[in-house]
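> Contents are PDB, C-alpha atoms; file name data.pdb:
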ATOM      1  CA  MET A   8      92.317   2.287  57.647
ATOM      2  CA  ILE A   9      90.499   0.286  54.930
ATOM      3  CA  LYS A  10      88.032   3.154  54.399
ATOM      4  CA  TYR A  11      90.946   5.591  53.984
ATOM      5  CA  GLY A  12      92.547   3.348  51.322
ATOM      6  CA  LYS A  13      89.277   3.073  49.412
ATOM      7  CA  LEU A  14      88.858   6.844  49.594
ATOM      8  CA  VAL A  15      92.382   7.477  48.206
ATOM      9  CA  THR A  16      91.858   4.896  45.459
ATOM     10  CA  GLY A  17      88.497   6.420  44.530
ATOM     11  CA  CYS A  18      89.973   9.930  44.421
ATOM     12  CA  LEU A  19      92.861   8.804  42.225
ATOM     13  CA  LEU A  20      90.501   7.007  39.876
ATOM     14  CA  LEU A  21      88.266  10.079  39.619
ATOM     15  CA  PHE A  22      91.318  12.284  38.998
ATOM     16  CA  PHE A  23      92.538  10.105  36.112
ATOM     17  CA  ILE A  24      89.091   9.940  34.545
ATOM     18  CA  LEU A  25      88.655  13.703  34.664
ATOM     19  CA  ALA A  26      92.212  14.353  33.475
ATOM     20  CA  SER A  27      91.762  12.154  30.422
ATOM     21  CA  CYS A  28      88.476  13.834  29.456
ATOM     22  CA  GLY A  29      90.061  17.278  29.254
ATOM     23  CA  GLU A  30      92.261  16.598  26.216
ATOM     24  CA  ASP A  31      91.007  17.290  22.724
ATOM     25  CA  ARG A  32      91.553  13.996  20.924
ATOM     26  CA  THR A  33      90.571  14.338  17.301
ATOM     27  CA  ALA A  34      90.875  11.350  15.022
ATOM     28  CA  GLN A  35      93.756  11.551  12.597
ATOM     29  CA  ASN A  36      92.980  11.123   8.933
ATOM     30  CA  ILE A  37      95.144   8.319   7.555
ATOM     31  CA  SER A  38      95.737   8.270   3.828
ATOM     32  CA  LEU A  39      96.909   5.050   2.172
ATOM     33  CA  PRO A  40      98.451   4.952  -1.293
ATOM     34  CA  SER A  41      96.231   3.591  -4.025
ATOM     35  CA  THR A  42      96.954   0.161  -5.404
ATOM     36  CA  PRO A  43      96.330  -0.944  -8.977
ATOM     37  CA  ILE A  44      95.186  -4.381  -7.837
ATOM     38  CA  ILE A  45      91.559  -4.720  -6.837
ATOM     39  CA  SER A  46      90.968  -8.422  -6.734
ATOM     40  CA  SER A  47      92.767 -11.563  -5.902
ATOM     41  CA  TYR A  48      91.464 -14.914  -7.026
ATOM     42  CA  SER A  49      92.519 -18.048  -8.778
ATOM     43  CA  SER A  50      91.330 -19.072 -12.208
ATOM     44  CA  TRP A  51      93.014 -20.323 -15.365
ATOM     45  CA  ALA A  52      93.817 -19.049 -18.813
ATOM     46  CA  VAL A  53      95.372 -20.234 -22.049
ATOM     47  CA  VAL A  54      97.774 -18.027 -24.008
ATOM     48  CA  LYS A  55      96.316 -17.151 -27.462
ATOM     49  CA  ILE A  56      99.476 -15.849 -29.174
ATOM     50  CA  SER A  57     102.813 -17.408 -30.073
ATOM     51  CA  TYR A  58     104.966 -15.119 -27.884
ATOM     52  CA  LEU A  59     103.784 -13.385 -24.700
ATOM     53  CA  ARG A  60     106.063 -11.367 -22.429
ATOM     54  CA  ILE A  61     105.670 -11.837 -18.676
ATOM     55  CA  ARG A  62     106.433  -8.500 -17.017
ATOM     56  CA  ALA A  63     107.500  -7.451 -13.513
ATOM     57  CA  LYS A  64     104.743  -4.798 -13.261
ATOM     58  CA  PRO A  65     101.413  -4.268 -15.047
ATOM     59  CA  THR A  66     102.801  -1.882 -17.679
ATOM     60  CA  ALA A  67     104.052  -2.399 -21.245
ATOM     61  CA  ASP A  68     107.407  -0.785 -20.477
ATOM     62  CA  SER A  69     108.076  -2.842 -17.343
ATOM     63  CA  GLU A  70     111.004  -5.246 -17.099
ATOM     64  CA  MET A  71     110.438  -8.569 -18.880
ATOM     65  CA  LEU A  72     110.813 -11.501 -16.476
ATOM     66  CA  SER A  73     110.147 -14.321 -18.915
ATOM     67  CA  SER A  74     107.942 -15.273 -21.830
ATOM     68  CA  THR A  75     105.392 -17.929 -22.670
ATOM     69  CA  GLY A  76     103.591 -18.977 -25.819
ATOM     70  CA  LEU A  77     100.599 -20.359 -27.636
ATOM     71  CA  GLY A  78      98.685 -22.977 -25.666
ATOM     72  CA  ALA A  79     100.445 -22.376 -22.346
ATOM     73  CA  VAL A  80      98.111 -22.924 -19.387
ATOM     74  CA  VAL A  81      98.669 -20.235 -16.738
ATOM     75  CA  ARG A  82      97.148 -19.635 -13.322
ATOM     76  CA  ILE A  83      95.538 -16.220 -12.842
ATOM     77  CA  VAL A  84      96.488 -14.718  -9.486
ATOM     78  CA  SER A  85      94.973 -11.218  -9.679
ATOM     79  CA  GLN A  86      94.024  -8.400 -12.031
ATOM     80  CA  THR A  87      94.366  -4.635 -12.136
ATOM     81  CA  GLU A  88      91.496  -2.386 -11.141
ATOM     82  CA  HIS A  89      91.015  -0.660 -14.498
ATOM     83  CA  LYS A  90      91.260  -1.672 -18.131
ATOM     84  CA  GLU A  91      94.087  -0.146 -20.139
ATOM     85  CA  LEU A  92      94.492   0.509 -23.847
ATOM     86  CA  GLN A  93      97.405  -1.312 -25.513
ATOM     87  CA  GLY A  94      97.447  -0.691 -29.260
ATOM     88  CA  GLN A  95      93.900  -1.451 -30.452
ATOM     89  CA  GLU A  96      93.029  -3.648 -27.457
ATOM     90  CA  LYS A  97      91.521  -2.523 -24.134
ATOM     91  CA  ASP A  98      91.801  -5.027 -21.285
ATOM     92  CA  TYR A  99      93.030  -5.636 -17.749
ATOM     93  CA  TRP A 100      96.542  -6.658 -16.794
ATOM     94  CA  TYR A 101      96.593 -10.056 -15.105
ATOM     95  CA  GLN A 102      99.136 -11.365 -12.650
ATOM     96  CA  ILE A 103      99.852 -14.928 -13.675
ATOM     97  CA  GLU A 104     101.941 -17.835 -12.518
ATOM     98  CA  ASP A 105     103.642 -19.909 -15.210
ATOM     99  CA  GLN A 106     106.212 -22.606 -14.438
ATOM    100  CA  GLY A 107     107.142 -20.988 -11.125
ATOM    101  CA  ILE A 108     107.400 -17.462 -12.589
ATOM    102  CA  ARG A 109     104.941 -14.878 -11.306
ATOM    103  CA  GLY A 110     104.442 -11.751 -13.384
ATOM    104  CA  TRP A 111     102.000  -9.623 -15.376
ATOM    105  CA  VAL A 112     100.511 -10.103 -18.854
ATOM    106  CA  PHE A 113      97.976  -8.130 -20.867
ATOM    107  CA  GLY A 114      94.565  -9.833 -20.829
ATOM    108  CA  ALA A 115      93.779  -9.483 -24.539
ATOM    109  CA  TYR A 116      96.205 -12.340 -25.193
ATOM    110  CA  LEU A 117      94.513 -14.803 -22.829
ATOM    111  CA  GLU A 118      91.426 -16.993 -22.997
ATOM    112  CA  PHE A 119      89.896 -17.621 -19.554
ATOM    113  CA  PHE A 120      88.538 -20.790 -17.955
ATOM    114  CA  SER A 121      87.040 -21.605 -14.563
ATOM    115  CA  SER A 122      89.072 -24.784 -14.072
ATOM    116  CA  LYS A 123      92.511 -26.048 -14.909
ATOM    117  CA  SER A 124      91.119 -29.100 -16.709
ATOM    118  CA  GLU A 125      89.016 -26.901 -19.029
ATOM    119  CA  ALA A 126      92.087 -24.792 -19.806
ATOM    120  CA  GLU A 127      94.219 -27.884 -20.472
ATOM    121  CA  ASN A 128      91.573 -29.327 -22.820
ATOM    122  CA  HIS A 129      91.457 -26.087 -24.789
ATOM    123  CA  ALA A 130      95.264 -25.905 -24.905
ATOM    124  CA  LYS A 131      95.363 -29.388 -26.503
ATOM    125  CA  GLU A 132      93.114 -28.115 -29.299
ATOM    126  CA  LEU A 133      95.579 -25.283 -30.051
ATOM    127  CA  GLN A 134      98.595 -27.546 -30.402
TER     128      GLN A 134
END
Show me the file's structure as structure tokens.

Amino acid sequence: MIKYGKLVTGCLLLFFILASCGEDRTAQNISLPSTPIISSYSSWAVVKISYLRIRAKPTADSEMLSSTGLGAVVRIVSQTEHKELQGQEKDYWYQIEDQGIRGWVFGAYLEFFSSKSEAENHAKELQ
């Protein structure tokens, strides 16, 4: 009786193995949409102009969320993959955080620092 059970189990196992090998299973090609953001890191910057628009998306015609000004210390969250020409300036768009607002600004209007204290020291010189 035990031998018969092992034989049935073995036959079923062999059947399932052979049945699964018969199908043509080709890998599906999955295409993901491109994203304009290539990196994510945290550094600091100081705003170099008196009035800087903070935008919802990294484009000049995007909705304005807020604004900031000369000497403001902002945290850099990420940047776009490619530089873009805005007027005479070519630079990246940077996602920043300023006073709880997170949005995008054009990099030509920022001066970058590796630490918050360096940025704050520079900001004091501007004011």
> Which residue is closest to Leu59 in chain A? Choose from A:Phe113, A:Glu132, A:Ala126, A:Leu92 and count only C-alpha atoms.
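With only C-alpha atoms as the atom set, the closest residue is A:Phe113.
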> Choose the residue, out of A:Gln102, A:Ser57, A:Gln35, A:Ser124, that has the smallest atom-to-atom separation from Val80 in chain A; count all atoms listed in the file.
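Of the candidates, the smallest distance to Val80 in chain A is held by A:Ser124.
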> Might you pull out every residue within 6 Å of Trp111 in chain A, with all atoms listed in the file counted and same-chain residues fewer than 4 positions away left off, and present them as a list in words?
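These residues fall inside the cut-off: Ile61, Arg62, Lys64, Pro65, Tyr101, Gln102 and Ile103 of chain A.
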> Compare A:Gln95, A:Ser50, A:Ser121, A:Asn128 by their minimum atom-to-atom distance to Ile83 in chain A, counting all atoms listed in the file, and give me the closest one.
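Ranking A:Gln95, A:Ser50, A:Ser121, A:Asn128 by distance to Ile83 in chain A, first place goes to A:Ser50.
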> Mind giving me the straight-line distance from CA of Thr87 in chain A to CA of Asp105 in chain A in Å, one decimal?
18.1 Å
> Give me, as a list in words, all polymer residues having an atom no more than 10 Å from Gln106 in chain A, counting only C-alpha atoms and skipping those fewer than 5 positions away in the same chain.
Thr75, Ala79, Val80, Val81 and Arg82 of chain A
> Calculate how many Å separate CA of Asp68 in chain A from CA of Gly107 in chain A, rounding to one decimal.
22.3 Å
> CA of Ser69 in chain A to CA of Phe119 in chain A: how many Å, to one decimal?
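CA of Ser69 in chain A sits 23.5 Å away from CA of Phe119 in chain A.
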> For the file shown, what are the residues hit by the PyMOL selection byres ((chain A and resi 55) around 8), laid out as a PyMOL selection string?
chain A and resi 53-54+56-57+76-78+116-118
> List as a PyMOL selection string the residues having at least one atom at most 8 Å from position (95.8, -5.2, -20.8) as given in the file, counting all atoms listed in the file.
chain A and resi 90-93+96-101+112-115
> Using the file's own x, y and z axes, what box holds all listed atoms of range 94-109 of chain A with 5 Å on each side, keeping edges along x, y and z, and what are its centre and edge lengths in Å to one decimal, as lines of an AutoDock Vina configuration file?

center_x = 99.5
center_y = -11.6
center_z = -20.8
size_x = 25.9
size_y = 31.9
size_z = 29.3
> Considering only C-alpha atoms, can you say which of A:Trp51, A:Thr66, A:Ser73, A:Arg60 comes closest to Ser122 in chain A?
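Ranking A:Trp51, A:Thr66, A:Ser73, A:Arg60 by distance to Ser122 in chain A, first place goes to A:Trp51.
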> Looking at A:Glu104, A:Gly94, A:Glu127, A:Ile37, which one is nearest to Ala67 in chain A, with distances taken over all atoms listed in the file?
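Closest to Ala67 in chain A, using all atoms listed in the file: A:Gly94.
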> Between A:Asn36, A:Glu125, A:Phe120, A:Gly110, which is the closest to Glu70 in chain A once you count only C-alpha atoms?
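Among the listed residues, A:Gly110 lies closest to Glu70 in chain A.
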